[in-house]
file my_file_2.txt (compact mmCIF, C-alpha atoms and all ligand atoms)
# COMPACT_ATOMS: atom_id res chain seq x y z
CA MET A 1 169.79 -15.68 48.46
CA LYS A 2 170.53 -18.94 46.69
CA ILE A 3 172.09 -21.71 48.80
CA SER A 4 174.57 -23.94 46.98
CA MET A 5 176.58 -26.93 48.02
CA ILE A 6 179.97 -27.82 46.60
CA VAL A 7 181.56 -31.21 47.24
CA ALA A 8 183.87 -33.82 45.73
CA TYR A 9 183.03 -37.47 46.41
CA GLY A 10 184.23 -40.93 45.45
CA LYS A 11 182.38 -43.93 44.03
CA ASN A 12 181.01 -44.91 47.45
CA TRP A 13 180.16 -41.32 48.41
CA GLU A 14 183.38 -41.07 50.42
CA ILE A 15 184.60 -37.50 51.07
CA GLY A 16 187.34 -37.65 53.73
CA LEU A 17 189.62 -39.59 56.07
CA ASN A 18 191.22 -38.37 59.32
CA ASN A 19 189.83 -34.87 58.63
CA GLU A 20 191.66 -34.69 55.31
CA MET A 21 190.74 -34.99 51.64
CA LEU A 22 191.17 -38.37 49.93
CA TRP A 23 192.82 -37.16 46.69
CA HIS A 24 194.64 -34.21 45.23
CA ILE A 25 193.13 -32.92 42.01
CA SER A 26 194.59 -29.50 41.28
CA GLU A 27 192.06 -28.75 38.54
CA ASP A 28 189.24 -29.42 41.01
CA PHE A 29 190.84 -27.05 43.56
CA LYS A 30 191.10 -24.36 40.88
CA ASN A 31 187.47 -24.94 39.96
CA PHE A 32 186.47 -24.67 43.64
CA LYS A 33 188.38 -21.40 43.93
CA THR A 34 186.80 -19.92 40.79
CA ILE A 35 183.27 -20.90 41.81
CA THR A 36 183.45 -19.76 45.44
CA SER A 37 185.58 -16.61 45.11
CA GLY A 38 183.81 -13.43 46.17
CA HIS A 39 181.17 -15.38 48.10
CA HIS A 40 180.35 -16.38 51.67
CA ILE A 41 181.38 -19.97 52.38
CA LEU A 42 179.80 -21.92 55.24
CA MET A 43 181.52 -24.88 56.86
CA GLY A 44 181.66 -27.03 59.98
CA ARG A 45 184.32 -26.43 62.61
CA LYS A 46 186.18 -29.65 61.65
CA THR A 47 186.40 -28.69 57.98
CA PHE A 48 187.70 -25.25 58.93
CA GLU A 49 190.37 -26.89 61.11
CA SER A 50 191.26 -29.19 58.22
CA ILE A 51 191.76 -26.16 55.93
CA GLY A 52 193.51 -24.34 58.79
CA LYS A 53 192.96 -20.74 57.69
CA PRO A 54 190.33 -18.48 56.14
CA LEU A 55 190.36 -18.89 52.37
CA PRO A 56 191.33 -15.67 50.56
CA ASN A 57 188.72 -13.61 48.69
CA ARG A 58 185.87 -15.34 50.51
CA THR A 59 183.99 -14.65 53.75
CA SER A 60 184.35 -17.70 55.99
CA LEU A 61 181.40 -18.66 58.19
CA VAL A 62 182.04 -21.51 60.63
CA LEU A 63 179.41 -23.50 62.53
CA SER A 64 180.35 -24.61 66.05
CA ASN A 65 178.42 -25.38 69.21
CA LYS A 66 181.56 -25.12 71.33
CA GLY A 67 182.24 -21.42 70.88
CA PHE A 68 185.12 -22.00 68.46
CA LYS A 69 186.91 -18.77 67.51
CA HIS A 70 189.58 -17.98 64.93
CA GLU A 71 190.89 -14.78 63.43
CA GLY A 72 189.31 -13.88 60.13
CA VAL A 73 186.26 -16.13 60.44
CA HIS A 74 182.71 -15.56 61.70
CA THR A 75 181.45 -18.30 64.01
CA PHE A 76 177.79 -19.22 64.53
CA ASN A 77 176.00 -21.82 66.62
CA ASP A 78 172.80 -21.44 64.66
CA ILE A 79 172.30 -22.13 60.95
CA GLN A 80 169.72 -19.38 60.45
CA GLU A 81 172.05 -16.82 62.04
CA ALA A 82 174.76 -17.79 59.58
CA PHE A 83 172.30 -17.49 56.67
CA ASN A 84 171.11 -14.11 58.00
CA PHE A 85 174.67 -12.83 58.25
CA ALA A 86 175.27 -13.65 54.58
CA ARG A 87 171.90 -12.14 53.57
CA ALA A 88 172.69 -8.95 55.50
CA SER A 89 175.92 -8.67 53.46
CA ALA A 90 173.81 -8.83 50.27
CA GLU A 91 175.16 -12.27 49.35
CA GLU A 92 173.38 -13.76 46.34
CA GLU A 93 174.85 -17.26 46.49
CA LEU A 94 176.07 -18.82 49.72
CA PHE A 95 178.27 -21.92 49.38
CA ILE A 96 178.13 -24.82 51.81
CA ILE A 97 181.60 -26.37 51.64
CA GLY A 98 181.37 -29.27 54.14
CA GLY A 99 182.03 -31.50 55.84
CA ALA A 100 179.87 -34.60 56.17
CA ASN A 101 177.92 -33.35 59.18
CA ILE A 102 177.17 -29.97 57.61
CA TYR A 103 176.25 -31.41 54.20
CA GLU A 104 173.76 -33.74 55.89
CA THR A 105 172.16 -31.06 58.08
CA LEU A 106 171.97 -28.36 55.43
CA PHE A 107 170.99 -30.47 52.40
CA PRO A 108 167.25 -29.59 52.74
CA TYR A 109 168.12 -25.89 52.25
CA VAL A 110 170.20 -26.41 49.10
CA ASP A 111 169.06 -25.01 45.72
CA LYS A 112 172.07 -25.87 43.58
CA LEU A 113 174.72 -28.62 43.65
CA TYR A 114 178.27 -28.32 42.31
CA LEU A 115 179.52 -31.90 42.36
CA SER A 116 182.86 -33.45 41.52
CA GLU A 117 182.40 -37.20 41.02
CA VAL A 118 185.83 -38.68 41.52
CA ASP A 119 186.90 -42.03 40.09
CA PHE A 120 188.17 -43.18 43.50
CA GLU A 121 187.36 -46.02 45.85
CA GLY A 122 189.12 -46.32 49.19
CA VAL A 123 189.06 -46.20 52.97
CA ALA A 124 187.17 -43.20 54.35
CA ASP A 125 185.54 -42.07 57.59
CA ALA A 126 183.45 -39.22 56.19
CA PHE A 127 180.70 -39.81 53.63
CA LEU A 128 177.97 -37.93 51.83
CA ASN A 129 174.46 -39.28 52.10
CA PRO A 130 173.58 -40.70 48.65
CA ILE A 131 171.71 -38.08 46.62
CA ASP A 132 168.46 -38.95 44.82
CA PHE A 133 168.86 -37.02 41.55
CA SER A 134 165.22 -37.50 40.50
CA THR A 135 164.38 -34.14 42.08
CA TRP A 136 167.28 -32.31 40.39
CA ASP A 137 167.94 -31.12 36.81
CA LEU A 138 171.44 -31.47 35.35
CA SER A 139 172.56 -28.10 34.01
CA GLU A 140 176.26 -28.64 33.30
CA GLU A 141 178.62 -31.57 32.86
CA LYS A 142 182.31 -31.88 32.03
CA SER A 143 184.70 -34.85 32.17
CA TYR A 144 188.35 -34.75 33.16
CA ASP A 145 190.91 -37.51 32.54
CA ALA A 146 193.21 -39.03 35.12
CA ILE A 147 196.75 -37.64 35.25
CA LEU A 148 199.45 -40.31 35.15
CA GLU A 149 203.04 -40.11 36.36
CA HIS A 150 205.46 -42.98 35.65
CA GLY A 151 202.47 -45.14 34.71
CA LYS A 152 200.74 -44.57 38.06
CA ILE A 153 197.64 -42.48 38.73
CA LYS A 154 198.80 -39.15 40.18
CA SER A 155 195.35 -37.63 40.08
CA PRO A 156 192.14 -39.61 39.39
CA ALA A 157 189.63 -38.94 36.61
CA TRP A 158 186.58 -36.94 37.63
CA LYS A 159 183.35 -35.48 36.34
CA PHE A 160 182.10 -32.06 37.25
CA LYS A 161 178.30 -31.70 37.33
CA VAL A 162 175.98 -28.87 38.27
CA TRP A 163 172.42 -29.72 39.33
CA VAL A 164 169.55 -27.34 40.01
CA LYS A 165 166.63 -28.33 42.25
CA LYS A 166 163.38 -28.90 40.35
CA ASP A 167 160.58 -26.45 41.16
N1 LIG B 201 185.39 -33.98 49.66
C1 LIG B 201 184.95 -32.77 49.96
O1 LIG B 201 184.48 -32.03 49.08
C2 LIG B 201 185.02 -32.30 51.39
C3 LIG B 201 184.66 -30.99 51.71
C4 LIG B 201 184.73 -30.59 53.06
C5 LIG B 201 185.14 -31.48 54.04
N2 LIG B 201 185.47 -32.75 53.67
C6 LIG B 201 185.88 -33.74 54.69
O2 LIG B 201 184.82 -33.89 55.63
C7 LIG B 201 185.39 -34.33 56.88
C8 LIG B 201 184.86 -33.44 58.01
O3 LIG B 201 183.47 -33.65 58.16
P1 LIG B 201 182.82 -33.84 59.62
O4 LIG B 201 181.42 -34.28 59.42
O5 LIG B 201 183.72 -34.69 60.46
O6 LIG B 201 182.89 -32.39 60.25
P2 LIG B 201 182.27 -30.96 59.80
O7 LIG B 201 180.91 -31.15 59.19
O8 LIG B 201 183.27 -30.21 59.00
O9 LIG B 201 182.18 -30.19 61.21
C9 LIG B 201 181.36 -30.73 62.23
C10 LIG B 201 181.30 -29.72 63.35
O10 LIG B 201 180.51 -28.59 62.94
C11 LIG B 201 179.79 -28.09 64.05
N3 LIG B 201 178.35 -28.20 63.77
C12 LIG B 201 177.72 -29.16 63.06
N4 LIG B 201 176.40 -28.91 62.98
C13 LIG B 201 176.19 -27.76 63.66
C14 LIG B 201 175.04 -26.97 63.93
N5 LIG B 201 173.80 -27.33 63.48
N6 LIG B 201 175.18 -25.86 64.66
C15 LIG B 201 176.40 -25.47 65.12
N7 LIG B 201 177.53 -26.17 64.88
C16 LIG B 201 177.42 -27.30 64.16
C17 LIG B 201 180.23 -28.90 65.26
O11 LIG B 201 181.37 -28.21 65.76
P3 LIG B 201 181.76 -28.19 67.35
O12 LIG B 201 182.25 -29.58 67.64
O13 LIG B 201 182.83 -27.15 67.44
O14 LIG B 201 180.51 -27.84 68.09
C18 LIG B 201 180.65 -30.22 64.63
O15 LIG B 201 181.53 -30.96 65.41
C19 LIG B 201 186.91 -34.23 56.70
O16 LIG B 201 187.43 -35.51 56.40
C20 LIG B 201 187.08 -33.31 55.50
O17 LIG B 201 188.29 -33.54 54.80
C21 LIG B 201 185.42 -33.17 52.38
call {"tool": "encode", "arguments": {"input": "my_file_2.txt", "output": "structure tokens"}}
result
Amino acid sequence: MKISMIVAYGKNWEIGLNNEMLWHISEDFKNFKTITSGHHILMGRKTFESIGKPLPNRTSLVLSNKGFKHEGVHTFNDIQEAFNFARASAEEELFIIGGANIYETLFPYVDKLYLSEVDFEGVADAFLNPIDFSTWDLSEEKSYDAILEHGKIKSPAWKFKVWVKKD
């Protein structure tokens, strides 16, 4: 089973504030939905609470040490147990979808990165650890323009990149 990580981050590696996202980019949400649909998605308890419900057409796995429970999600207090659950369901690509704590802990297991680099700088309380791309090969790249409304930025510009870990 391949383990992938999908995340959107700003210029200073910022990913969230007050348990919420820092921007609204509908094209990025659509992209996230297309990429993760049909797969197991693994997240931390705080990210699940931020989303608030299991995402449709995906199997939600939530990590919690406090025995968190919610209808429609599978909770684990052990990373390997979560991986094993996905493997036992014949998953071929498990997606780690955040947040900061989970990205940091699970990064050593990741084989493939789906990154949205957002043209955003601002206050944040959740960050990604900077990634050293020297051990990764770029396999896909696409740029998206900002969307303006009445001369103001409604949705920032962003780049979507896929990286595969070097052998
Ligand atoms: N930009 C993006 O792409 C993106 C994506 C996702 C999330 N985010 C943002 O990230 C922020 C949330 O990140 P966060 O770091 O605060 O929280 P988080 O990573 O979502 O969740 C942390 C929680 O996960 C559980 N946990 C962590 N490691 C565990 C382990 N090894 N075993 C069992 N349980 C474990 C613990 O839950 P218990 O306390 O229940 O034990 C811990 O409190 C929010 O601002 C959110 O909007 C951004």
call {"tool": "residues_near_ligand", "arguments": {"input": "my_file_2.txt", "ligand": "ligand LIG 201 (chain B)", "cutoff": "7 Å", "atoms": "only C-alpha atoms and all ligand atoms", "output": "PyMOL selection string"}}
result
chain A and resi 6-9+15-21+43-48+50+63-68+76-79+97-103+105+125-126
call {"tool": "residues_around", "arguments": {"input": "my_file_2.txt", "residues": "A:Glu93", "least_positions_apart": "4", "cutoff": "10 Å", "atoms": "all atoms listed in the file", "output": "list of chain:residue names"}}
result
A:Met1, A:Lys2, A:Ile3, A:Ser4, A:Met5, A:Thr36, A:Gly38, A:His39, A:His40, A:Ile41, A:Ala86, A:Arg87, A:Asp111, A:Lys112
call {"tool": "axis_aligned_box", "arguments": {"input": "my_file_2.txt", "around": "stretch 159-165 of chain A", "padding_each_side": "8 Å", "output": "lines of an AutoDock Vina configuration file"}}
result
center_x = 175.0
center_y = -31.4
center_z = 39.3
size_x = 32.7
size_y = 24.1
size_z = 21.9
call {"tool": "closest_residue", "arguments": {"input": "my_file_2.txt", "among": "A:Ser143, A:Asn84, A:Thr75, A:Ser155", "to": "A:Leu22", "atoms": "all atoms listed in the file"}}
result
A:Ser155
call {"tool": "residues_around", "arguments": {"input": "my_file_2.txt", "residues": "stretch 128-139 of chain A", "least_positions_apart": "5", "cutoff": "7 Å", "atoms": "all atoms listed in the file", "output": "mmCIF file with C-alpha atoms, keeping the file's coordinate frame"}}
result
data_model
loop_
_atom_site.group_PDB
_atom_site.id
_atom_site.type_symbol
_atom_site.label_atom_id
_atom_site.label_comp_id
_atom_site.auth_asym_id
_atom_site.auth_seq_id
_atom_site.Cartn_x
_atom_site.Cartn_y
_atom_site.Cartn_z
ATOM 1 C CA TRP A 13 180.160 -41.320 48.410
ATOM 2 C CA GLU A 14 183.380 -41.070 50.420
ATOM 3 C CA ILE A 15 184.600 -37.500 51.070
ATOM 4 C CA ALA A 100 179.870 -34.600 56.170
ATOM 5 C CA GLU A 104 173.760 -33.740 55.890
ATOM 6 C CA VAL A 162 175.980 -28.870 38.270
ATOM 7 C CA TRP A 163 172.420 -29.720 39.330
ATOM 8 C CA VAL A 164 169.550 -27.340 40.010
ATOM 9 C CA LYS A 165 166.630 -28.330 42.250
ATOM 10 C CA LYS A 166 163.380 -28.900 40.350
#
call {"tool": "closest_residue", "arguments": {"input": "my_file_2.txt", "among": "A:His74, A:Gly122, A:Leu106, A:Leu115", "to": "A:Pro54", "atoms": "all atoms listed in the file"}}
result
A:His74
call {"tool": "atom_distance", "arguments": {"input": "my_file_2.txt", "atom1": "atom CA of A:Ile147", "atom2": "atom CA of A:Ile25"}}
result
9.0 Å
call {"tool": "closest_residue", "arguments": {"input": "my_file_2.txt", "among": "A:Ile51, A:Ile153, A:Glu81, A:Lys161", "to": "A:Ser116", "atoms": "all atoms listed in the file"}}
result
A:Lys161
call {"tool": "atom_distance", "arguments": {"input": "my_file_2.txt", "atom1": "atom CA of A:Glu117", "atom2": "atom CA of A:Ile96"}}
result
17.0 Å
call {"tool": "decode", "arguments": {"input": "my_file_2.txt", "residues": "stretch 76-119 of chain A", "atoms": "C-alpha atoms", "output": "JSON list (two decimals), in the first residue's frame"}}
result
[["chain", "number", "residue", "atom", "x", "y", "z"],
["A", 76, "PHE", "CA", -7.28, 4.42, 16.19],
["A", 77, "ASN", "CA", -4.73, 5.23, 18.88],
["A", 78, "ASP", "CA", -1.95, 3.54, 16.98],
["A", 79, "ILE", "CA", -0.62, 4.49, 13.54],
["A", 80, "GLN", "CA", 0.20, 0.93, 12.51],
["A", 81, "GLU", "CA", -3.32, -0.22, 13.41],
["A", 82, "ALA", "CA", -4.74, 2.47, 11.14],
["A", 83, "PHE", "CA", -2.39, 1.41, 8.33],
["A", 84, "ASN", "CA", -3.34, -2.25, 8.88],
["A", 85, "PHE", "CA", -7.04, -1.43, 8.73],
["A", 86, "ALA", "CA", -6.57, 0.21, 5.33],
["A", 87, "ARG", "CA", -4.37, -2.67, 4.10],
["A", 88, "ALA", "CA", -6.98, -5.21, 5.24],
["A", 89, "SER", "CA", -9.54, -3.35, 3.08],
["A", 90, "ALA", "CA", -7.21, -3.79, 0.08],
["A", 91, "GLU", "CA", -6.43, -0.07, -0.08],
["A", 92, "GLU", "CA", -3.71, 0.72, -2.62],
["A", 93, "GLU", "CA", -3.15, 4.37, -1.72],
["A", 94, "LEU", "CA", -3.85, 5.75, 1.74],
["A", 95, "PHE", "CA", -4.05, 9.55, 2.04],
["A", 96, "ILE", "CA", -2.78, 11.44, 5.07],
["A", 97, "ILE", "CA", -4.87, 14.62, 5.14],
["A", 98, "GLY", "CA", -3.55, 16.45, 8.24],
["A", 99, "GLY", "CA", -3.20, 18.35, 10.38],
["A", 100, "ALA", "CA", 0.18, 19.68, 11.48],
["A", 101, "ASN", "CA", 0.73, 17.08, 14.19],
["A", 102, "ILE", "CA", -0.16, 14.16, 11.92],
["A", 103, "TYR", "CA", 1.87, 15.45, 8.95],
["A", 104, "GLU", "CA", 4.92, 15.73, 11.20],
["A", 105, "THR", "CA", 4.55, 12.28, 12.78],
["A", 106, "LEU", "CA", 3.71, 10.41, 9.59],
["A", 107, "PHE", "CA", 6.07, 12.15, 7.15],
["A", 108, "PRO", "CA", 8.72, 9.36, 7.40],
["A", 109, "TYR", "CA", 6.14, 6.85, 6.05],
["A", 110, "VAL", "CA", 5.12, 8.95, 3.04],
["A", 111, "ASP", "CA", 5.85, 7.78, -0.54],
["A", 112, "LYS", "CA", 4.08, 10.48, -2.52],
["A", 113, "LEU", "CA", 3.27, 14.16, -1.91],
["A", 114, "TYR", "CA", 0.32, 16.06, -3.39],
["A", 115, "LEU", "CA", 1.11, 19.68, -2.57],
["A", 116, "SER", "CA", -0.76, 22.90, -3.14],
["A", 117, "GLU", "CA", 1.63, 25.83, -2.77],
["A", 118, "VAL", "CA", -0.56, 28.81, -2.04],
["A", 119, "ASP", "CA", 0.49, 32.40, -2.72]]
